[in-house]
Each structure stands twice: as C-alpha cells, then as structure tokens.
Amino acid sequence: MNTQVAIIGAGPSGLLLGQLLHNAGIKTVILERQTPEYVLGRIRAGILENGTVELLREAGVSRRMDAEGLIHHGVEFLFADRRIPVPLSELTQGKSVMVYGQTEVTRDLMEARESSGAQTIYGVEQVALHDLKSDKPYVTFVKDGEHCKIECDFVAGCDGFHGVSRQSIPREILREYESIWPFGWLGLLSDTPPVNPELIYAHHERGFVLCSQRSLTRSRYYLQVPLSDKVEQWTDERFWNELKCRLPDELSKKLVTGHSLEKSIAPLRSYVVEPMQFGRMFLVGDAAHIVPPTGAKGLNLAVSDVNYLWRILRQYYHNGRVDLLSQYSQLALNRVWKGERFSWFMTHLLHDFQDKSAFDKKMQEADRQYYLGSRAGLTTIAENYVGLPYERVE
Ligand code: APR
Ligand code: PHB
C-alpha cells in the first residue's frame, strides 16, 4: 500500500487534517486503533474559537455546525457571589465563540471522510513508524491478524496523548514540559436546559464550577473535586446538591436537574513536547500537548496545529516549498504555548488550592480582583478566549 500522508489517529486532528488534504488533492490513509463508535463515545468540550469555525468551514464540514451551533457573544465569571459578564464580542472587535460539541465535530468529519471515499482503517494494532529521517518513511501495522505496510512521504502523528508517534522520537531529542494539577473535574451531562444563557466560570471556596451547555436543551456541568474521589461516590443527587451549594441563590433556584447521561472525573494536566516534528513525522494535537480544560483550548489547539500543517503540506505538494517543512514545529509551538499559558492562567485564577500559602492565596485573590475588575483585564481574557490569530504560512 502507498499514500502521500499517512495519518495515525482518527480523532478530530487526524480527521480534519485528512479532509483538508483530501480536498487539496493530496492522498491520505488514516489508521485508527479503535472503532468509530468508540471514538464517538468520548465526551469532550464544546467551545469552538473563531479560527476553528473558519477552518471547519474551509474544510467543507460546517453544514450542521452552522445550522445547530450556538454563537456566544459573551461568558460570565462569578466570584464572591458577584456575577461579572465578559462581553467577548464588544472586547474583541466582534469576535465570538461557538457552542458545538467535539463529538458532533468528529461525527461530521467522519461522515465527510466516508463520503469522500478516502481510506480510513479502524481497529488497527501494533502501529509502528519507520525511517522517519529518510525521504521514504513507512508505517507497519496489524489488521485482523494480517501484517500490513504503508509507504508514504510524510507521517502525521494525530494519535493523542497515549499514541505511538511521540514515542517514536528518540528520547535524547525530546524535551517534555509538564505540570500536574492537584485536583480533577467531575463532569455531568444531562438533557436539561442550561441554567444560564452564557457559560459561567465560577470560583467558590468549596471549589471551581463550570456551567456549560451543548444546546438549548442539553447542559454540561463540572465541579472541581479531589483527585482521590471516585465517580461512584457521586450520585446524581449529590452532584446537583453540591452544584447548588456553589452557585448563588438566584441561579441555584433556576437550576433544572435531571438524570445524568454521562458522568466522569478527569485529571487536569498541562503538557508540551518539543520539537513537534522529527524528520518526516509531525505531531498534531493531543499527541504533542495537553491543557487543563479551563480555557476550552484542547480542541482549538489541535485545530491550530492542523491549520499550520495542512497549509505547509499543500505548499509543498502544489508549489514545491520544501523550505516550509522545517518550520512546522516552531509555528505550531508559538501558538501552543500561548494556549498553555491561558489555560494555566484560567486554572490558577478560578480553582481552590488547599496547599497554597496564605501569601499565594492573596495573590490569587488580587489577580481575580484585577483581571475581572478592569476593562484591560477582561480584554486580555476575552481575546485569548475567542482565540489569538494564526500566523500566516508564507
Ligand atoms: N494507533 C492508531 N490510533 C491510535 C493509536 C495508535 N497506536 N493511539 C491512539 N490512537 C487514536 C486514538 O484511539 C484516538 O482516536 O488516536 C486518536 C487520537 O484522538 P484524540 O485523543 O481525540 O486527539 P486529537 O485528535 O489530537 O484531538 C484533540 O481531543 O482530548 C481532546 O482536548 C482534546 O479536544 C482535544 C482533542
Ligand atoms: C464543555 O462544555 O465541556 C466545556 C466548556 C468550556 C470549558 C471546558 C469544557 O472551558
């Protein structure tokens, strides 16, 4: 078998990259170890930056997103029972975010891939990458017990945090930067109307709360919980009671509760690997970086990487721009680090840290007073939240 770009992983990164390359007449094969149903079963965040929405449109996969996604012109912060609206559009010359779940983005991309006729092989095992430093890399894998090989020009490592691509870079070349947060997020999805038209990010002495949504009839709520908590300890009733405790009366009275469709605890991690390329292999999305979900940047940073990589590959195939290939890692990382910073900042600002010193707690409080109390502070938050601009590839 041979192709131009072998893509490892059929999450949003691999599928979006595959779609953009396919539309540009560049051949791809996607290898995914799970089934499509398994991939769609993962519940992830649902806030799309401006640039993400535009790239999905450019890829031709935006019909349902444009019909069903909800444009949000603001978010709200809440601390010490004070509600602070952040008028995103007013503070960013008209930019906004879109509420549209990552699961739906993935479903749209899967359907587009299927109707394009481009090849995706699900249920592959033992994927291994070879000769990445040569002009003729290849990928081996096992499918239904049969050993297979794909020869290609490039490999895109879109296989998430636990994938093989990053592990194929020699240890002496990799530099890893990591910070593990001392708490987790307990999330609950329910078919209940959102408690507030806008998302609410709330600091509370019992812990952080996020009131998010998927549609006008489906809500997603999160509570900061100790890492030692198990999801079985959290009945739906306990979850709703704790949520009400952490919201001011006017909101807790309005909160509509219901059965959970999904409930899970996720640890929070900040992680970046450098460089994001090795020879003819490029790392994309969660394979190269993880953010805590507080800034809603996970999917958006994955799309940001795809934006750079597909433009570079298109320039290579259409205009012979070999020189751009070596620029991918730095271009992608410039934006990744800003996304990491914002996610780190939001996580610090809003969570309760039991082991912080009294001084550090005062600093955190002063940060909240400053950033949420001044137009300059809110503008900084707003421009990062809607997404910083992409650099041009030229
Ligand atoms: N071989 C083939 N496929 C693999 C392998 C492997 N060895 N290892 C992992 N995969 C697949 C996974 O099964 C998964 O479907 O790679 C895919 C990676 O998808 P994601 O983890 O969703 O990563 P990515 O596409 O980069 O999407 C980033 O996901 O975690 C969120 O917040 C994150 O929203 C962001 C988005
Ligand atoms: C979500 O809806 O799941 C969500 C929204 C915003 C975030 C994180 C998660 O910052």
# chains A, B, ... in the order shown; residues from 1 in each chain; ligands from 1
>>> closest_atom_pairs(of="chain A", to="ligand 1", cutoff="7 Å", atoms="only C-alpha atoms and all ligand atoms", output="CSV")
residue,atom,partner,partner_atom_place_in_ligand_line,distance
A:Ile8,CA,ligand 1,2 (C),5.3
A:Gly9,CA,ligand 1,16 (O),3.3
A:Ala10,CA,ligand 1,15 (O),4.9
A:Gly11,CA,ligand 1,25 (O),3.5
A:Pro12,CA,ligand 1,25 (O),4.1
A:Ser13,CA,ligand 1,25 (O),3.8
A:Gly14,CA,ligand 1,25 (O),5.6
A:Leu31,CA,ligand 1,2 (C),5.4
A:Glu32,CA,ligand 1,3 (N),3.8
A:Arg33,CA,ligand 1,2 (C),4.1
A:Gln34,CA,ligand 1,13 (O),5.1
A:Val39,CA,ligand 1,15 (O),5.4
A:Arg44,CA,ligand 1,34 (O),6.3
A:Ala45,CA,ligand 1,34 (O),6.5
A:Gln102,CA,ligand 1,34 (O),6.7
A:Val124,CA,ligand 1,2 (C),6.4
A:Glu125,CA,ligand 1,1 (N),6.5
A:Gln126,CA,ligand 1,7 (N),6.6
A:Val127,CA,ligand 1,1 (N),5.3
A:Cys158,CA,ligand 1,26 (O),5.3
A:Asp159,CA,ligand 1,16 (O),3.2
A:Gly160,CA,ligand 1,21 (O),3.8
A:Phe161,CA,ligand 1,21 (O),6.3
A:His162,CA,ligand 1,8 (N),5.7
A:Gly163,CA,ligand 1,8 (N),3.5
A:Val164,CA,ligand 1,7 (N),4.8
A:Val284,CA,ligand 1,26 (O),6.0
A:Gly285,CA,ligand 1,26 (O),3.6
A:Asp286,CA,ligand 1,26 (O),4.0
A:Ala287,CA,ligand 1,26 (O),5.9
A:Ile290,CA,ligand 1,32 (O),6.9
A:Gly298,CA,ligand 1,32 (O),3.5
A:Leu299,CA,ligand 1,34 (O),3.1
A:Asn300,CA,ligand 1,34 (O),6.9
A:Ala302,CA,ligand 1,28 (C),5.3
>>> residues_around(residues="region 129-135 of chain A", least_positions_apart="6", cutoff="12 Å", atoms="only C-alpha atoms", output="number ranges by chain")
A: 4, 6-8, 31, 141, 149-157, 163-170, 277-282, 322
>>> residues_near_ligand(ligand="ligand 2", cutoff="6 Å", atoms="only C-alpha atoms and all ligand atoms", output="PyMOL selection string")
chain A and resi 44-47+212-213+220+293-296
>>> write_last_selection(atoms="all heavy atoms", output="mmCIF file, in the first residue's frame")
data_model
loop_
_atom_site.group_PDB
_atom_site.id
_atom_site.type_symbol
_atom_site.label_atom_id
_atom_site.label_comp_id
_atom_site.auth_asym_id
_atom_site.auth_seq_id
_atom_site.Cartn_x
_atom_site.Cartn_y
_atom_site.Cartn_z
ATOM 1 N N ARG A 44 -16.225 15.219 25.158
ATOM 2 C CA ARG A 44 -15.178 16.231 25.335
ATOM 3 C C ARG A 44 -15.822 17.605 25.323
ATOM 4 O O ARG A 44 -17.028 17.735 25.220
ATOM 5 C CB ARG A 44 -14.166 16.094 24.198
ATOM 6 C CG ARG A 44 -13.499 14.710 24.130
ATOM 7 C CD ARG A 44 -12.148 14.751 24.818
ATOM 8 N NE ARG A 44 -11.487 13.463 24.933
ATOM 9 C CZ ARG A 44 -10.745 12.887 24.000
ATOM 10 N NH1 ARG A 44 -10.606 13.460 22.826
ATOM 11 N NH2 ARG A 44 -10.146 11.756 24.228
ATOM 12 N N ALA A 45 -15.000 18.647 25.367
ATOM 13 C CA ALA A 45 -15.523 20.018 25.498
ATOM 14 C C ALA A 45 -16.285 20.461 24.245
ATOM 15 O O ALA A 45 -16.375 19.726 23.264
ATOM 16 C CB ALA A 45 -14.381 20.977 25.784
ATOM 17 N N GLY A 46 -16.809 21.671 24.287
ATOM 18 C CA GLY A 46 -17.662 22.068 23.176
ATOM 19 C C GLY A 46 -17.639 23.547 22.813
ATOM 20 O O GLY A 46 -18.646 24.097 22.396
ATOM 21 N N ILE A 47 -16.463 24.183 22.969
ATOM 22 C CA ILE A 47 -16.368 25.612 22.624
ATOM 23 C C ILE A 47 -15.401 25.775 21.459
ATOM 24 O O ILE A 47 -14.232 25.417 21.563
ATOM 25 C CB ILE A 47 -15.815 26.415 23.825
ATOM 26 C CG1 ILE A 47 -16.768 26.312 25.006
ATOM 27 C CG2 ILE A 47 -15.583 27.882 23.454
ATOM 28 C CD1 ILE A 47 -18.062 27.040 24.820
ATOM 29 N N SER A 212 -21.747 24.748 31.664
ATOM 30 C CA SER A 212 -21.632 24.806 30.211
ATOM 31 C C SER A 212 -22.865 24.169 29.580
ATOM 32 O O SER A 212 -23.819 23.805 30.279
ATOM 33 C CB SER A 212 -20.341 24.111 29.764
ATOM 34 O OG SER A 212 -20.185 24.208 28.366
ATOM 35 N N GLN A 213 -22.844 24.045 28.296
ATOM 36 C CA GLN A 213 -24.034 23.556 27.582
ATOM 37 C C GLN A 213 -23.636 22.967 26.245
ATOM 38 O O GLN A 213 -22.544 23.228 25.735
ATOM 39 C CB GLN A 213 -24.996 24.711 27.364
ATOM 40 C CG GLN A 213 -24.322 25.907 26.719
ATOM 41 C CD GLN A 213 -25.226 27.116 26.591
ATOM 42 O OE1 GLN A 213 -25.887 27.274 25.588
ATOM 43 N NE2 GLN A 213 -25.236 27.959 27.624
ATOM 44 N N ARG A 220 -24.001 20.787 30.362
ATOM 45 C CA ARG A 220 -22.794 20.114 30.834
ATOM 46 C C ARG A 220 -22.285 20.926 32.015
ATOM 47 O O ARG A 220 -22.037 22.140 31.880
ATOM 48 C CB ARG A 220 -21.747 20.079 29.715
ATOM 49 C CG ARG A 220 -20.445 19.422 30.086
ATOM 50 C CD ARG A 220 -20.534 17.928 30.073
ATOM 51 N NE ARG A 220 -19.248 17.254 30.116
ATOM 52 C CZ ARG A 220 -19.079 16.024 30.604
ATOM 53 N NH1 ARG A 220 -20.110 15.344 31.088
ATOM 54 N NH2 ARG A 220 -17.892 15.456 30.595
ATOM 55 N N PRO A 293 -8.804 21.896 31.050
ATOM 56 C CA PRO A 293 -9.932 22.339 30.218
ATOM 57 C C PRO A 293 -10.455 23.741 30.533
ATOM 58 O O PRO A 293 -11.345 24.231 29.839
ATOM 59 C CB PRO A 293 -11.026 21.299 30.518
ATOM 60 C CG PRO A 293 -10.659 20.736 31.839
ATOM 61 C CD PRO A 293 -9.178 20.823 31.978
ATOM 62 N N THR A 294 -9.908 24.409 31.527
ATOM 63 C CA THR A 294 -10.479 25.673 31.992
ATOM 64 C C THR A 294 -10.560 26.751 30.911
ATOM 65 O O THR A 294 -11.454 27.585 30.943
ATOM 66 C CB THR A 294 -9.682 26.195 33.213
ATOM 67 O OG1 THR A 294 -9.192 25.085 33.945
ATOM 68 C CG2 THR A 294 -10.536 27.052 34.105
ATOM 69 N N GLY A 295 -9.624 26.743 29.968
ATOM 70 C CA GLY A 295 -9.687 27.764 28.913
ATOM 71 C C GLY A 295 -10.400 27.298 27.665
ATOM 72 O O GLY A 295 -10.477 28.038 26.688
ATOM 73 N N ALA A 296 -10.894 26.045 27.660
ATOM 74 C CA ALA A 296 -11.567 25.446 26.488
ATOM 75 C C ALA A 296 -10.644 25.426 25.265
ATOM 76 O O ALA A 296 -11.061 25.721 24.155
ATOM 77 C CB ALA A 296 -12.866 26.196 26.173
#
>>> atom_distance(atom1="CA of Leu188 (chain A)", atom2="CA of His203 (chain A)")
18.2 Å
>>> atom_distance(atom1="CA of Asp352 (chain A)", atom2="CA of Gly207 (chain A)")
5.2 Å
>>> closest_atom_pairs(of="region 131-237 of chain A", to="region 250-261 of chain A", cutoff="12 Å", atoms="only C-alpha atoms", output="tab-separated table")
residue	atom	partner	partner_atom	distance
A:Gly187	CA	A:Ser260	CA	9.6
A:Leu188	CA	A:Ser260	CA	6.1
A:Leu189	CA	A:Leu261	CA	5.4
A:Ser190	CA	A:Ser260	CA	4.9
A:Asp191	CA	A:Gly258	CA	7.0
A:Thr192	CA	A:Val256	CA	6.1
A:Pro193	CA	A:Val256	CA	6.8
A:Pro194	CA	A:Leu255	CA	7.7
A:Val195	CA	A:Leu255	CA	5.1
A:Asn196	CA	A:Leu251	CA	7.9
A:Pro197	CA	A:Leu251	CA	11.5
A:Ile200	CA	A:Leu251	CA	10.5
A:Ala202	CA	A:Leu251	CA	11.8
A:Cys211	CA	A:Leu255	CA	10.2
A:Thr217	CA	A:Val256	CA	10.5
A:Arg218	CA	A:Leu261	CA	9.9
A:Ser219	CA	A:Val256	CA	9.6
A:Arg220	CA	A:Ser260	CA	9.6
A:Tyr221	CA	A:Ser260	CA	10.4
A:Trp234	CA	A:Ser260	CA	11.1
A:Thr235	CA	A:Ser260	CA	9.3
A:Asp236	CA	A:Ser260	CA	6.5
A:Glu237	CA	A:Thr257	CA	8.8
>>> residues_around(residues="region 338-341 of chain A", least_positions_apart="2", cutoff="8 Å", atoms="only C-alpha atoms", output="PyMOL selection string")
chain A and resi 270+291+297+301+334-336+343-345+384
>>> write_last_selection(atoms="N, CA, C and O atoms", output="PDB file, in the first residue's frame")
ATOM      1  N   SER A 270      -1.109  19.895  32.364  1.00  0.00           N
ATOM      2  CA  SER A 270      -0.522  20.806  31.375  1.00  0.00           C
ATOM      3  C   SER A 270       0.714  20.100  30.850  1.00  0.00           C
ATOM      4  O   SER A 270       1.552  19.654  31.646  1.00  0.00           O
ATOM      5  N   VAL A 291      -3.835  20.513  27.668  1.00  0.00           N
ATOM      6  CA  VAL A 291      -4.122  21.669  28.535  1.00  0.00           C
ATOM      7  C   VAL A 291      -5.215  21.289  29.519  1.00  0.00           C
ATOM      8  O   VAL A 291      -6.059  20.454  29.204  1.00  0.00           O
ATOM      9  N   LYS A 297      -9.381  25.099  25.477  1.00  0.00           N
ATOM     10  CA  LYS A 297      -8.407  25.213  24.387  1.00  0.00           C
ATOM     11  C   LYS A 297      -7.988  23.880  23.764  1.00  0.00           C
ATOM     12  O   LYS A 297      -7.284  23.868  22.749  1.00  0.00           O
ATOM     13  N   LEU A 301      -6.514  24.048  20.066  1.00  0.00           N
ATOM     14  CA  LEU A 301      -5.078  23.964  19.783  1.00  0.00           C
ATOM     15  C   LEU A 301      -4.789  22.851  18.790  1.00  0.00           C
ATOM     16  O   LEU A 301      -3.875  22.964  17.965  1.00  0.00           O
ATOM     17  N   ASN A 334       4.552  28.216  18.826  1.00  0.00           N
ATOM     18  CA  ASN A 334       4.318  29.614  19.233  1.00  0.00           C
ATOM     19  C   ASN A 334       2.898  29.782  19.745  1.00  0.00           C
ATOM     20  O   ASN A 334       2.644  30.454  20.739  1.00  0.00           O
ATOM     21  N   ARG A 335       1.967  29.169  19.046  1.00  0.00           N
ATOM     22  CA  ARG A 335       0.567  29.341  19.436  1.00  0.00           C
ATOM     23  C   ARG A 335       0.196  28.384  20.568  1.00  0.00           C
ATOM     24  O   ARG A 335      -0.601  28.724  21.448  1.00  0.00           O
ATOM     25  N   VAL A 336       0.789  27.198  20.549  1.00  0.00           N
ATOM     26  CA  VAL A 336       0.520  26.225  21.617  1.00  0.00           C
ATOM     27  C   VAL A 336       0.884  26.819  22.976  1.00  0.00           C
ATOM     28  O   VAL A 336       0.109  26.743  23.938  1.00  0.00           O
ATOM     29  N   SER A 343      -4.591  28.663  29.517  1.00  0.00           N
ATOM     30  CA  SER A 343      -5.257  27.570  30.255  1.00  0.00           C
ATOM     31  C   SER A 343      -4.726  27.503  31.681  1.00  0.00           C
ATOM     32  O   SER A 343      -5.471  27.258  32.636  1.00  0.00           O
ATOM     33  N   TRP A 344      -3.439  27.700  31.821  1.00  0.00           N
ATOM     34  CA  TRP A 344      -2.789  27.700  33.137  1.00  0.00           C
ATOM     35  C   TRP A 344      -3.305  28.877  33.969  1.00  0.00           C
ATOM     36  O   TRP A 344      -3.662  28.747  35.131  1.00  0.00           O
ATOM     37  N   PHE A 345      -3.371  30.040  33.326  1.00  0.00           N
ATOM     38  CA  PHE A 345      -3.824  31.267  33.996  1.00  0.00           C
ATOM     39  C   PHE A 345      -5.271  31.107  34.489  1.00  0.00           C
ATOM     40  O   PHE A 345      -5.595  31.412  35.640  1.00  0.00           O
ATOM     41  N   ASN A 384      -7.998  36.073  24.399  1.00  0.00           N
ATOM     42  CA  ASN A 384      -7.491  34.703  24.456  1.00  0.00           C
ATOM     43  C   ASN A 384      -8.620  33.693  24.317  1.00  0.00           C
ATOM     44  O   ASN A 384      -8.469  32.658  23.683  1.00  0.00           O
TER      45      ASN A 384
END
>>> select_by_dssp(residues="region 151-308 of chain A", states="strand (DSSP E)", output="VMD selection string")
chain A and resid 151 154 to 157 175 to 190 200 to 202 209 to 213 219 to 225 262 to 274 277 to 278 281 to 283 289 to 290
>>> select_by_dssp(residues="region 197-257 of chain A", states="helix (DSSP H, G or I)", output="MDAnalysis selection string")
chainID A and resid 231:233 236:246 249:252
>>> residues_around(residues="region 85-99 of chain A", least_positions_apart="2", cutoff="10 Å", atoms="only C-alpha atoms", output="ChimeraX atom specification")
/A:45-53,65-66,68-78,82-83,101-102,198-200,212-215,372,375-376,378-387
>>> closest_residue(among="A:Thr28, A:Leu15, A:Lys361, A:Glu58", to="Asp108 (chain A)", atoms="only C-alpha atoms")
A:Leu15
>>> atom_distance(atom1="CA of Gly145 (chain A)", atom2="CA of Leu283 (chain A)")
27.5 Å
>>> decode(residues="region 214-226 of chain A", atoms="C-alpha atoms", output="mmCIF file, in the first residue's frame")
data_model
loop_
_atom_site.group_PDB
_atom_site.id
_atom_site.type_symbol
_atom_site.label_atom_id
_atom_site.label_comp_id
_atom_site.auth_asym_id
_atom_site.auth_seq_id
_atom_site.Cartn_x
_atom_site.Cartn_y
_atom_site.Cartn_z
ATOM 1 C CA ARG A 214 -24.311 21.622 24.354
ATOM 2 C CA SER A 215 -27.644 23.049 23.136
ATOM 3 C CA LEU A 216 -30.722 24.818 24.466
ATOM 4 C CA THR A 217 -31.864 21.514 25.975
ATOM 5 C CA ARG A 218 -28.587 19.829 26.953
ATOM 6 C CA SER A 219 -26.306 21.009 29.768
ATOM 7 C CA ARG A 220 -22.794 20.114 30.834
ATOM 8 C CA TYR A 221 -21.690 20.976 34.373
ATOM 9 C CA TYR A 222 -18.333 20.491 36.078
ATOM 10 C CA LEU A 223 -17.225 20.551 39.716
ATOM 11 C CA GLN A 224 -13.655 20.728 40.999
ATOM 12 C CA VAL A 225 -13.117 17.564 43.102
ATOM 13 C CA PRO A 226 -10.155 15.997 44.929
#
